[in-house]
Every structure is written in structure tokens, then in C-alpha cells.
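So this one's coords-v3.cif, mmCIF, C-alpha atoms:
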data_coords
#
loop_
_atom_site.group_PDB
_atom_site.id
_atom_site.type_symbol
_atom_site.label_atom_id
_atom_site.label_comp_id
_atom_site.auth_asym_id
_atom_site.auth_seq_id
_atom_site.Cartn_x
_atom_site.Cartn_y
_atom_site.Cartn_z
ATOM 1 C CA MET L 227 40.759 74.155 83.138
ATOM 2 C CA LYS L 228 40.412 76.879 80.500
ATOM 3 C CA ASN L 229 41.860 80.381 80.589
ATOM 4 C CA ILE L 230 39.007 82.837 80.065
ATOM 5 C CA VAL L 231 39.697 86.523 79.346
ATOM 6 C CA ILE L 232 36.749 88.911 79.689
ATOM 7 C CA GLY L 233 37.322 92.549 78.778
ATOM 8 C CA GLY L 234 34.726 95.036 79.973
ATOM 9 C CA ALA L 235 34.158 98.417 78.318
ATOM 10 C CA TRP L 236 36.350 101.223 79.637
ATOM 11 C CA PRO L 237 34.123 104.141 80.759
ATOM 12 C CA TYR L 238 35.377 107.674 80.076
ATOM 13 C CA ALA L 239 36.465 109.319 83.318
ATOM 14 C CA ASN L 240 34.729 112.612 82.519
ATOM 15 C CA GLY L 241 31.523 112.219 84.523
ATOM 16 C CA SER L 242 29.661 109.977 86.937
ATOM 17 C CA LEU L 243 28.407 106.538 85.950
ATOM 18 C CA HIS L 244 24.713 106.094 85.179
ATOM 19 C CA ILE L 245 22.415 103.081 84.839
ATOM 20 C CA GLY L 246 23.286 102.694 81.154
ATOM 21 C CA HIS L 247 26.945 102.149 82.018
ATOM 22 C CA ILE L 248 26.075 99.504 84.575
ATOM 23 C CA ALA L 249 23.716 97.728 82.176
ATOM 24 C CA SER L 250 26.491 97.384 79.592
ATOM 25 C CA LEU L 251 29.118 96.283 82.119
ATOM 26 C CA LEU L 252 27.048 93.848 84.186
ATOM 27 C CA PRO L 253 26.990 90.994 81.588
ATOM 28 C CA GLY L 254 30.776 90.736 81.811
ATOM 29 C CA ASP L 255 30.580 90.236 85.554
ATOM 30 C CA VAL L 256 27.889 87.568 85.107
ATOM 31 C CA LEU L 257 30.097 85.705 82.624
ATOM 32 C CA ALA L 258 33.102 85.965 84.940
ATOM 33 C CA ARG L 259 31.168 84.437 87.821
ATOM 34 C CA TYR L 260 29.788 81.698 85.561
ATOM 35 C CA TYR L 261 33.206 80.577 84.334
ATOM 36 C CA ARG L 262 34.691 80.749 87.827
ATOM 37 C CA ALA L 263 31.836 78.517 89.046
ATOM 38 C CA LYS L 264 32.764 76.059 86.277
ATOM 39 C CA GLY L 265 36.289 75.931 87.631
ATOM 40 C CA ASP L 266 37.954 77.882 84.843
ATOM 41 C CA ARG L 267 40.719 80.420 85.349
ATOM 42 C CA VAL L 268 39.158 83.825 84.703
ATOM 43 C CA PHE L 269 40.797 87.169 83.959
ATOM 44 C CA TYR L 270 38.046 89.784 84.150
ATOM 45 C CA VAL L 271 39.631 93.140 83.359
ATOM 46 C CA SER L 272 38.643 96.713 82.606
ATOM 47 C CA GLY L 273 39.550 100.240 83.608
ATOM 48 C CA SER L 274 38.842 103.944 83.339
ATOM 49 C CA ASP L 275 39.615 105.700 80.060
ATOM 50 C CA CYS L 276 41.479 108.688 81.466
ATOM 51 C CA HIS L 277 42.621 110.105 78.121
ATOM 52 C CA GLY L 278 40.793 111.538 75.151
ATOM 53 C CA THR L 279 38.751 114.542 74.165
ATOM 54 C CA PRO L 280 35.801 114.103 76.605
ATOM 55 C CA ILE L 281 38.159 114.489 79.578
ATOM 56 C CA SER L 282 39.847 117.535 78.050
ATOM 57 C CA ILE L 283 36.463 119.164 77.373
ATOM 58 C CA ARG L 284 35.280 118.604 80.951
ATOM 59 C CA ALA L 285 38.573 119.943 82.317
ATOM 60 C CA LYS L 286 38.247 123.113 80.257
ATOM 61 C CA GLN L 287 34.664 123.607 81.452
ATOM 62 C CA GLU L 288 35.766 123.388 85.092
ATOM 63 C CA GLY L 289 39.036 125.256 84.675
ATOM 64 C CA VAL L 290 41.192 122.387 85.958
ATOM 65 C CA SER L 291 43.683 119.935 84.439
ATOM 66 C CA PRO L 292 42.597 116.778 82.571
ATOM 67 C CA GLU L 293 44.491 114.751 85.174
ATOM 68 C CA THR L 294 42.393 116.266 87.967
ATOM 69 C CA ILE L 295 39.168 115.321 86.172
ATOM 70 C CA SER L 296 40.239 111.787 85.291
ATOM 71 C CA GLU L 297 41.560 111.006 88.767
ATOM 72 C CA ARG L 298 38.375 112.297 90.385
ATOM 73 C CA TYR L 299 36.089 110.082 88.348
ATOM 74 C CA HIS L 300 38.406 107.062 88.331
ATOM 75 C CA LYS L 301 38.293 107.003 92.128
ATOM 76 C CA GLU L 302 34.515 107.423 92.004
ATOM 77 C CA PHE L 303 34.202 104.516 89.539
ATOM 78 C CA CYS L 304 36.293 102.244 91.765
ATOM 79 C CA THR L 305 34.052 103.056 94.752
ATOM 80 C CA VAL L 306 30.882 102.411 92.733
ATOM 81 C CA PHE L 307 32.082 99.055 91.394
ATOM 82 C CA GLU L 308 33.158 97.977 94.875
ATOM 83 C CA GLN L 309 29.792 98.925 96.374
ATOM 84 C CA LEU L 310 27.931 97.100 93.589
ATOM 85 C CA GLY L 311 30.007 93.973 94.133
ATOM 86 C CA PHE L 312 31.703 93.775 90.722
ATOM 87 C CA SER L 313 34.273 90.998 90.638
ATOM 88 C CA TYR L 314 37.027 92.516 88.488
ATOM 89 C CA ASP L 315 40.354 90.730 88.674
ATOM 90 C CA LEU L 316 41.911 93.991 87.536
ATOM 91 C CA TYR L 317 40.344 97.417 87.223
ATOM 92 C CA THR L 318 43.000 99.892 86.131
ATOM 93 C CA LYS L 319 43.239 103.172 84.188
ATOM 94 C CA THR L 320 44.853 104.340 80.960
ATOM 95 C CA SER L 321 47.032 106.806 82.886
ATOM 96 C CA ASP L 322 48.582 104.003 84.945
ATOM 97 C CA PRO L 323 52.350 103.665 84.253
ATOM 98 C CA LYS L 324 51.967 99.960 83.408
ATOM 99 C CA HIS L 325 49.259 100.740 80.855
ATOM 100 C CA LYS L 326 51.368 103.480 79.278
ATOM 101 C CA GLU L 327 54.332 101.109 79.078
ATOM 102 C CA PHE L 328 52.220 98.436 77.366
ATOM 103 C CA VAL L 329 50.722 100.900 74.876
ATOM 104 C CA SER L 330 54.171 102.211 73.959
ATOM 105 C CA SER L 331 55.514 98.689 73.529
ATOM 106 C CA PHE L 332 52.492 97.650 71.439
ATOM 107 C CA HIS L 333 52.877 100.679 69.171
ATOM 108 C CA GLN L 334 56.570 99.982 68.657
ATOM 109 C CA THR L 335 55.670 96.449 67.599
ATOM 110 C CA LEU L 336 53.158 97.862 65.116
ATOM 111 C CA TYR L 337 55.781 100.194 63.671
ATOM 112 C CA SER L 338 58.097 97.279 62.956
ATOM 113 C CA GLY L 339 55.435 95.630 60.771
ATOM 114 C CA LYS L 340 54.002 96.528 57.371
ATOM 115 C CA PHE L 341 50.597 97.891 58.385
ATOM 116 C CA VAL L 342 51.539 101.339 59.730
ATOM 117 C CA GLU L 343 52.592 104.205 57.505
ATOM 118 C CA GLU L 344 53.151 107.934 57.830
ATOM 119 C CA ARG L 345 50.859 110.300 55.940
ATOM 120 C CA SER L 346 50.279 114.011 55.610
ATOM 121 C CA VAL L 347 46.650 114.836 56.306
ATOM 122 C CA LYS L 348 44.405 117.832 56.796
ATOM 123 C CA GLN L 349 43.789 118.893 60.381
ATOM 124 C CA ALA L 350 40.908 121.044 61.589
ATOM 125 C CA TYR L 351 41.791 124.277 63.348
ATOM 126 C CA CYS L 352 39.601 126.966 64.919
ATOM 127 C CA PRO L 353 41.011 130.442 64.172
ATOM 128 C CA SER L 354 38.813 131.975 66.871
ATOM 129 C CA CYS L 355 39.724 129.603 69.727
ATOM 130 C CA ARG L 356 43.245 129.199 68.312
ATOM 131 C CA LYS L 357 43.302 125.470 68.839
ATOM 132 C CA ILE L 358 43.387 122.217 66.924
ATOM 133 C CA LEU L 359 39.999 120.515 66.794
ATOM 134 C CA VAL L 360 39.770 116.759 67.224
ATOM 135 C CA ASP L 361 36.701 115.009 65.805
ATOM 136 C CA ARG L 362 34.449 115.491 68.845
ATOM 137 C CA LEU L 363 35.033 119.239 68.738
ATOM 138 C CA ILE L 364 33.717 119.515 65.173
ATOM 139 C CA VAL L 365 30.022 119.746 64.326
ATOM 140 C CA GLY L 366 28.254 120.110 61.013
ATOM 141 C CA THR L 367 26.150 118.155 58.543
ATOM 142 C CA CYS L 368 26.687 114.523 57.538
ATOM 143 C CA PRO L 369 27.644 114.311 53.838
ATOM 144 C CA ALA L 370 25.916 110.920 53.550
ATOM 145 C CA CYS L 371 22.462 111.551 55.044
ATOM 146 C CA GLY L 372 22.261 115.284 55.760
ATOM 147 C CA ALA L 373 21.717 114.926 59.505
ATOM 148 C CA PRO L 374 23.545 117.017 62.145
ATOM 149 C CA THR L 375 26.721 115.212 63.158
ATOM 150 C CA ARG L 376 30.036 115.304 65.000
ATOM 151 C CA GLY L 377 33.308 114.971 63.157
ATOM 152 C CA ASP L 378 33.921 111.283 63.802
ATOM 153 C CA GLN L 379 30.693 109.400 63.102
ATOM 154 C CA CYS L 380 27.098 110.181 62.220
ATOM 155 C CA ASP L 381 24.732 108.862 64.885
ATOM 156 C CA ALA L 382 21.821 109.032 62.431
ATOM 157 C CA CYS L 383 23.190 106.744 59.689
ATOM 158 C CA GLY L 384 26.325 105.238 61.234
ATOM 159 C CA GLU L 385 28.663 106.680 58.589
ATOM 160 C CA ILE L 386 32.324 106.846 59.690
ATOM 161 C CA LEU L 387 33.501 110.345 58.836
ATOM 162 C CA ASP L 388 36.669 112.304 58.250
ATOM 163 C CA ALA L 389 36.622 115.889 59.462
ATOM 164 C CA GLU L 390 37.265 117.402 56.039
ATOM 165 C CA THR L 391 34.165 115.684 54.615
ATOM 166 C CA ILE L 392 31.770 117.340 57.097
ATOM 167 C CA VAL L 393 29.487 119.857 55.395
ATOM 168 C CA ALA L 394 29.644 123.352 56.961
ATOM 169 C CA ALA L 395 32.104 122.165 59.625
ATOM 170 C CA ARG L 396 32.177 124.396 62.701
ATOM 171 C CA CYS L 397 33.926 124.531 66.054
ATOM 172 C CA ALA L 398 31.686 122.942 68.675
ATOM 173 C CA ASP L 399 32.809 125.479 71.296
ATOM 174 C CA CYS L 400 32.339 128.796 69.490
ATOM 175 C CA GLY L 401 30.610 127.988 66.188
ATOM 176 C CA THR L 402 33.370 129.424 64.002
ATOM 177 C CA SER L 403 33.919 127.784 60.621
ATOM 178 C CA VAL L 404 36.994 125.562 60.781
ATOM 179 C CA VAL L 405 40.035 125.827 58.538
ATOM 180 C CA PHE L 406 42.277 122.940 57.590
ATOM 181 C CA GLN L 407 46.043 122.733 57.898
ATOM 182 C CA GLU L 408 48.565 120.026 57.072
ATOM 183 C CA THR L 409 49.905 117.665 59.733
ATOM 184 C CA THR L 410 51.695 114.321 59.757
ATOM 185 C CA GLN L 411 50.152 111.269 61.445
ATOM 186 C CA LEU L 412 50.632 107.507 61.552
ATOM 187 C CA PHE L 413 47.935 105.395 59.918
ATOM 188 C CA LEU L 414 46.912 101.768 60.391
ATOM 189 C CA THR L 415 46.379 100.443 56.853
ATOM 190 C CA ILE L 416 43.268 98.390 57.557
ATOM 191 C CA SER L 417 42.469 98.264 53.829
ATOM 192 C CA ARG L 418 45.282 95.753 53.340
ATOM 193 C CA LEU L 419 43.521 93.306 55.660
ATOM 194 C CA GLU L 420 40.201 93.021 53.833
ATOM 195 C CA GLN L 421 40.499 89.343 52.898
ATOM 196 C CA GLU L 422 41.678 88.330 56.370
ATOM 197 C CA LEU L 423 38.746 90.184 57.924
ATOM 198 C CA ARG L 424 36.256 88.618 55.507
ATOM 199 C CA ASP L 425 37.606 85.175 56.342
ATOM 200 C CA PHE L 426 37.334 85.937 60.060
ATOM 201 C CA LEU L 427 33.740 87.142 59.650
ATOM 202 C CA ASN L 428 32.747 84.059 57.650
ATOM 203 C CA ALA L 429 34.246 81.825 60.331
ATOM 204 C CA HIS L 430 31.868 83.277 62.948
ATOM 205 C CA PRO L 431 28.295 82.804 61.631
ATOM 206 C CA TYR L 432 26.943 82.701 65.197
ATOM 207 C CA TRP L 433 27.641 86.406 65.828
ATOM 208 C CA ARG L 434 24.665 88.679 66.458
ATOM 209 C CA LYS L 435 22.893 89.670 63.248
ATOM 210 C CA ASN L 436 23.554 93.380 63.636
ATOM 211 C CA ALA L 437 27.272 92.742 64.255
ATOM 212 C CA ILE L 438 27.479 90.684 61.055
ATOM 213 C CA ALA L 439 25.489 93.275 59.089
ATOM 214 C CA PHE L 440 27.625 96.216 60.216
ATOM 215 C CA THR L 441 30.851 94.331 59.556
ATOM 216 C CA LYS L 442 29.718 93.321 56.061
ATOM 217 C CA ARG L 443 28.711 96.915 55.366
ATOM 218 C CA TYR L 444 32.132 98.290 56.242
ATOM 219 C CA LEU L 445 33.834 95.605 54.157
ATOM 220 C CA ASP L 446 31.557 96.118 51.151
ATOM 221 C CA GLU L 447 31.884 99.904 51.243
ATOM 222 C CA GLY L 448 35.655 99.601 51.341
ATOM 223 C CA LEU L 449 37.797 99.646 54.461
ATOM 224 C CA ARG L 450 39.280 102.999 55.426
ATOM 225 C CA ASP L 451 42.741 103.336 56.861
ATOM 226 C CA ARG L 452 42.596 105.028 60.263
ATOM 227 C CA ALA L 453 44.978 107.373 62.052
ATOM 228 C CA ILE L 454 46.453 105.956 65.256
ATOM 229 C CA THR L 455 48.015 109.247 66.392
ATOM 230 C CA ARG L 456 46.660 112.746 66.937
ATOM 231 C CA ASP L 457 47.863 116.171 67.952
ATOM 232 C CA LEU L 458 46.681 116.389 71.564
ATOM 233 C CA ASP L 459 47.873 117.947 74.801
ATOM 234 C CA TRP L 460 46.661 115.043 76.968
ATOM 235 C CA GLY L 461 47.540 111.432 76.221
ATOM 236 C CA ILE L 462 50.381 108.949 75.745
ATOM 237 C CA ASP L 463 53.400 110.130 73.780
ATOM 238 C CA VAL L 464 54.041 108.519 70.394
ATOM 239 C CA PRO L 465 57.067 106.220 70.858
ATOM 240 C CA LYS L 466 58.623 107.048 67.498
ATOM 241 C CA ALA L 467 61.561 109.253 66.556
ATOM 242 C CA GLY L 468 60.458 112.667 65.341
ATOM 243 C CA TYR L 469 57.097 112.574 67.113
ATOM 244 C CA GLN L 470 58.163 113.904 70.503
ATOM 245 C CA ASP L 471 58.700 117.508 69.371
ATOM 246 C CA MET L 472 56.132 120.192 69.994
ATOM 247 C CA GLY L 473 53.871 120.905 67.039
ATOM 248 C CA ASN L 474 52.923 124.246 65.525
ATOM 249 C CA HIS L 475 50.061 124.698 67.979
ATOM 250 C CA SER L 476 51.864 123.659 71.184
ATOM 251 C CA VAL L 477 50.576 120.095 71.364
ATOM 252 C CA TRP L 478 52.269 116.733 71.442
ATOM 253 C CA LYS L 479 51.706 113.830 69.117
ATOM 254 C CA ARG L 480 49.715 111.290 71.127
ATOM 255 C CA VAL L 481 48.617 107.733 70.440
ATOM 256 C CA LEU L 482 44.888 107.015 70.269
#
Please go through the file and, once you have read it, give me the structure as C-alpha cells.
Amino acid sequence: MKNIVIGGAWPYANGSLHIGHIASLLPGDVLARYYRAKGDRVFYVSGSDCHGTPISIRAKQEGVSPETISERYHKEFCTVFEQLGFSYDLYTKTSDPKHKEFVSSFHQTLYSGKFVEERSVKQAYCPSCRKILVDRLIVGTCPACGAPTRGDQCDACGEILDAETIVAARCADCGTSVVFQETTQLFLTISRLEQELRDFLNAHPYWRKNAIAFTKRYLDEGLRDRAITRDLDWGIDVPKAGYQDMGNHSVWKRVL
């Protein structure tokens, strides 16, 4: 008997599910049933992503708290999956105390290693709305291809972006040009793992062609270290000394 772990995508709890969500989640359920039929021990898990910018945006639009939004749609998701007959062994949520405990523990383990470091970085701020802008709240022009883009990634060319590189960056809510201020965040130094990632890629030639192509592209262009914390008012607190204090704009440091 084999132990089979199947992790389904975690849908954002900021709106109702649609057919595209189901299409992407259904293959996991098919695999789970297949391996159970073979007699293997299956752990088919997923959950609702109850944190992040999309939930905060929806909450602001409706004039309620992010928790109210996420709980509403998490309950709706659970009902939908039950009615469709999904066979999750565990369907949870990122706001569950057990999930928060695991995330905090995992982060503390990362901090004890050599691949997380503290850096001062520029942070987008809207002087009109008087708020810090995370990547999804920034719009502008992609510096790589010239297409309209958000602050995290260009959908037109796939370029991974940093907010300060966006041409004519504006606040997505009011259209005001953003300004940049200094903040301190924790970064995962992915660039130090290039050889390990190349070896892992080469050991899996049976991956889908587009997965191999995208992975090779990121490696060849040079891996970018990524922040694993942000200044947010809705999320899981950073379990590190000095990161629990309120910031200049009344937000907490949160893990991604």
C-alpha cells in the first residue's frame, strides 16, 4: 500500500465558484478515487484561501470585514463540494487555527535556515487613499512588453514583476500615481537554489512541455528572490521578533 497525497488548488474565498474552478479541481478528485480503488492510502486535501488581497478588496466594496467575506464564501464552497460529491479527506481554510499554527511553525523553521534574509525594500503607497498598495492594487504598463498589467505579473507575457518596475504605476482604486516608501521584509533567497532546481527539473523529463519551458525560462533569466512577508491588515502574523509591532500605516506584518 502506498501513501498518496493529492493537493487541490485553494480557491480564493472572495466570490462564488464557477465552472472554471470545478474544471481545475475535478482531476484531483478523479485521481483520489483511482488510487483508493487501487487500495492505496489517499490523503486528498484542499481548502479555502481566506487571506490575501482579493478578500480585502471584496470586503471594502461591501463595507464589511475580510473575515465576514471569507467565512461566507468558505461555507458556500463546502456546500458546493458536498453537493457535487467531491471526496476530500480534508477541506479546510487558511483562517483555521490549525493552519495558522502550521504556517507559523513552518516560517520559524525557515528562519532558522540560511535561505531567509531581511531586506529593506520600496513599498507602494497611494497618497490619495492613504494606504499601502499590495501588487494587485497597482496597475500600469509592463516594462517588458508594454501591455497593461497588475503589479505582480503581466498576463500578456508572463513576466514576474516588482511594483517599482511598473511603468506609470497607479492605484487601482483611484488612479492616483503611487509613491514609494521604505519598508523591511523577509525574503526567500531562491537565487541560491539554482543548481538544485536545475537538477530537479532535469530529473523530471516527463513533465508537461509548457511546465518545463516556463521553468527553464525562469532559471535562464535568473531566479529572483521573493518576499515572504507583506504589510497587510488581514493575514497571519509574522512569527519573528520585531515584526509584531504596528507599522507606519497601521498595518501588521503578515506572512504570504
Among listed residues L:Ile364, L:Ala382, L:Ile232, L:Leu449, nearest Gln421 of chain L (using all atoms listed in the file): L:Leu449
Test item: the PyMOL selection byres ((chain L and resi 396) around 12) resolved as a PyMOL selection string: chain L and resi 350-355+359-367+374-377+389-390+392-395+397-406
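The coordinates place atom CA of Thr441 of chain L at 24.0 Å from atom CA of Glu343 of chain L.
With distances taken over all atoms listed in the file, L:Asp459 is the one residue among L:Glu422, L:Gln309, L:Gly468, L:Asp459 lying closest to Pro292 of chain L.
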Please list, as a short mmCIF file (atom, residue, chain, number, x, y, z; two decimals) with C-alpha atoms, keeping the file's coordinate frame, the residues that have an atom at most 12 Å away from (32.6, 106.7, 86.4) in the coordinates of this file, counting all atoms listed in the file.
data_model
loop_
_atom_site.label_atom_id
_atom_site.label_comp_id
_atom_site.auth_asym_id
_atom_site.auth_seq_id
_atom_site.Cartn_x
_atom_site.Cartn_y
_atom_site.Cartn_z
CA ALA L 235 34.16 98.42 78.32
CA TRP L 236 36.35 101.22 79.64
CA PRO L 237 34.12 104.14 80.76
CA TYR L 238 35.38 107.67 80.08
CA ALA L 239 36.47 109.32 83.32
CA ASN L 240 34.73 112.61 82.52
CA GLY L 241 31.52 112.22 84.52
CA SER L 242 29.66 109.98 86.94
CA LEU L 243 28.41 106.54 85.95
CA HIS L 244 24.71 106.09 85.18
CA ILE L 245 22.42 103.08 84.84
CA GLY L 246 23.29 102.69 81.15
CA HIS L 247 26.94 102.15 82.02
CA ILE L 248 26.08 99.50 84.58
CA LEU L 251 29.12 96.28 82.12
CA GLY L 273 39.55 100.24 83.61
CA SER L 274 38.84 103.94 83.34
CA ASP L 275 39.62 105.70 80.06
CA CYS L 276 41.48 108.69 81.47
CA ILE L 281 38.16 114.49 79.58
CA ILE L 295 39.17 115.32 86.17
CA SER L 296 40.24 111.79 85.29
CA GLU L 297 41.56 111.01 88.77
CA ARG L 298 38.38 112.30 90.38
CA TYR L 299 36.09 110.08 88.35
CA HIS L 300 38.41 107.06 88.33
CA LYS L 301 38.29 107.00 92.13
CA GLU L 302 34.52 107.42 92.00
CA PHE L 303 34.20 104.52 89.54
CA CYS L 304 36.29 102.24 91.76
CA THR L 305 34.05 103.06 94.75
CA VAL L 306 30.88 102.41 92.73
CA PHE L 307 32.08 99.06 91.39
CA LYS L 319 43.24 103.17 84.19
#
For the PyMOL selection byres ((chain L and resi 456) around 12), applied here, can you spell out every residue it catches as a PDB file with C-alpha atoms, in the coordinates of the input?
ATOM      1  CA  GLY L 278      40.793 111.538  75.151  1.00  0.00           C
ATOM      2  CA  THR L 279      38.751 114.542  74.165  1.00  0.00           C
ATOM      3  CA  SER L 346      50.279 114.011  55.610  1.00  0.00           C
ATOM      4  CA  VAL L 347      46.650 114.836  56.306  1.00  0.00           C
ATOM      5  CA  LYS L 348      44.405 117.832  56.796  1.00  0.00           C
ATOM      6  CA  GLN L 349      43.789 118.893  60.381  1.00  0.00           C
ATOM      7  CA  ALA L 350      40.908 121.044  61.589  1.00  0.00           C
ATOM      8  CA  ILE L 358      43.387 122.217  66.924  1.00  0.00           C
ATOM      9  CA  LEU L 359      39.999 120.515  66.794  1.00  0.00           C
ATOM     10  CA  VAL L 360      39.770 116.759  67.224  1.00  0.00           C
ATOM     11  CA  ASP L 361      36.701 115.009  65.805  1.00  0.00           C
ATOM     12  CA  THR L 409      49.905 117.665  59.733  1.00  0.00           C
ATOM     13  CA  THR L 410      51.695 114.321  59.757  1.00  0.00           C
ATOM     14  CA  GLN L 411      50.152 111.269  61.445  1.00  0.00           C
ATOM     15  CA  LEU L 412      50.632 107.507  61.552  1.00  0.00           C
ATOM     16  CA  PHE L 413      47.935 105.395  59.918  1.00  0.00           C
ATOM     17  CA  ARG L 452      42.596 105.028  60.263  1.00  0.00           C
ATOM     18  CA  ALA L 453      44.978 107.373  62.052  1.00  0.00           C
ATOM     19  CA  ILE L 454      46.453 105.956  65.256  1.00  0.00           C
ATOM     20  CA  THR L 455      48.015 109.247  66.392  1.00  0.00           C
ATOM     21  CA  ASP L 457      47.863 116.171  67.952  1.00  0.00           C
ATOM     22  CA  LEU L 458      46.681 116.389  71.564  1.00  0.00           C
ATOM     23  CA  ASP L 459      47.873 117.947  74.801  1.00  0.00           C
ATOM     24  CA  TRP L 460      46.661 115.043  76.968  1.00  0.00           C
ATOM     25  CA  GLY L 461      47.540 111.432  76.221  1.00  0.00           C
ATOM     26  CA  ILE L 462      50.381 108.949  75.745  1.00  0.00           C
ATOM     27  CA  ASP L 463      53.400 110.130  73.780  1.00  0.00           C
ATOM     28  CA  VAL L 464      54.041 108.519  70.394  1.00  0.00           C
ATOM     29  CA  TYR L 469      57.097 112.574  67.113  1.00  0.00           C
ATOM     30  CA  GLY L 473      53.871 120.905  67.039  1.00  0.00           C
ATOM     31  CA  VAL L 477      50.576 120.095  71.364  1.00  0.00           C
ATOM     32  CA  TRP L 478      52.269 116.733  71.442  1.00  0.00           C
ATOM     33  CA  LYS L 479      51.706 113.830  69.117  1.00  0.00           C
ATOM     34  CA  ARG L 480      49.715 111.290  71.127  1.00  0.00           C
ATOM     35  CA  VAL L 481      48.617 107.733  70.440  1.00  0.00           C
ATOM     36  CA  LEU L 482      44.888 107.015  70.269  1.00  0.00           C
TER      37      LEU L 482
END
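Comparing L:Met227, L:Glu288, L:Arg450, L:Arg356 by their smallest distance to Val268 of chain L, the closest is L:Met227 (using all atoms listed in the file).
Taking atom CA of Lys357 of chain L and atom CA of Glu293 of chain L as the two end points, the separation is 19.6 Å.
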Near-Phe341 of chain L list (8 Å; only C-alpha atoms; drop same-chain fewer than 4 positions) as a list in words: Leu336, Tyr337, Leu414, Thr415, Ile416 and Arg418 of chain L
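Applied to the file shown here, the PyMOL selection byres ((chain L and resi 269) around 10) selects the residues Asn229, Ile230, Val231, Ile232, Gly233, Ala258, Arg262, Asp266, Arg267, Val268, Tyr270, Val271, Ser272, Tyr314, Asp315 and Leu316 of chain L.
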Tell me which protein, DNA and RNA residues are within 12 Å of Phe440 of chain L, counting only C-alpha atoms, leaving out same-chain ones fewer than 3 positions away, and put them as a PyMOL selection string. chain L and resi 383-386+427+433-437+443-447
Tell me, in Å to one decimal, how far atom CA of His325 of chain L is from atom CA of Gly234 of chain L. 15.6 Å
Please report, as JSON, the centre and edge lengths in Å to one decimal of an axis-aligned box covering all listed atoms of segment 253-269 of chain L with 6 Å per side.
{"center_x": 33.9, "center_y": 83.5, "center_z": 85.3, "size_x": 25.8, "size_y": 27.1, "size_z": 19.5}
Would you mind putting back N, CA, C and O atoms on segment 417-429 of chain L, then writing it out as a short mmCIF file (atom, residue, chain, number, x, y, z; two decimals), keeping the file's coordinate frame?
data_model
loop_
_atom_site.label_atom_id
_atom_site.label_comp_id
_atom_site.auth_asym_id
_atom_site.auth_seq_id
_atom_site.Cartn_x
_atom_site.Cartn_y
_atom_site.Cartn_z
N SER L 417 42.91 98.69 55.16
CA SER L 417 42.47 98.26 53.83
C SER L 417 43.26 97.07 53.30
O SER L 417 42.77 96.32 52.45
N ARG L 418 44.46 96.87 53.79
CA ARG L 418 45.28 95.75 53.34
C ARG L 418 44.84 94.42 53.96
O ARG L 418 45.32 93.36 53.56
N LEU L 419 43.93 94.51 54.92
CA LEU L 419 43.52 93.31 55.66
C LEU L 419 42.11 92.87 55.30
O LEU L 419 41.51 92.07 56.03
N GLU L 420 41.59 93.32 54.17
CA GLU L 420 40.20 93.02 53.83
C GLU L 420 39.93 91.52 53.75
O GLU L 420 38.95 91.04 54.33
N GLN L 421 40.76 90.77 53.06
CA GLN L 421 40.50 89.34 52.90
C GLN L 421 40.57 88.61 54.24
O GLN L 421 39.74 87.74 54.53
N GLU L 422 41.55 88.96 55.05
CA GLU L 422 41.68 88.33 56.37
C GLU L 422 40.44 88.61 57.22
O GLU L 422 39.95 87.71 57.93
N LEU L 423 39.93 89.83 57.14
CA LEU L 423 38.75 90.18 57.92
C LEU L 423 37.49 89.50 57.40
O LEU L 423 36.63 89.08 58.17
N ARG L 424 37.39 89.35 56.07
CA ARG L 424 36.26 88.62 55.51
C ARG L 424 36.29 87.16 55.94
O ARG L 424 35.25 86.57 56.29
N ASP L 425 37.47 86.58 55.92
CA ASP L 425 37.61 85.18 56.34
C ASP L 425 37.23 85.02 57.81
O ASP L 425 36.57 84.04 58.20
N PHE L 426 37.64 85.99 58.63
CA PHE L 426 37.33 85.94 60.06
C PHE L 426 35.84 86.06 60.28
O PHE L 426 35.25 85.35 61.11
N LEU L 427 35.19 86.96 59.54
CA LEU L 427 33.74 87.14 59.65
C LEU L 427 33.01 85.87 59.24
O LEU L 427 32.09 85.41 59.94
N ASN L 428 33.41 85.27 58.14
CA ASN L 428 32.75 84.06 57.65
C ASN L 428 32.93 82.87 58.58
O ASN L 428 32.12 81.94 58.59
N ALA L 429 33.98 82.92 59.39
CA ALA L 429 34.25 81.82 60.33
C ALA L 429 33.44 81.96 61.62
O ALA L 429 33.51 81.09 62.49
#
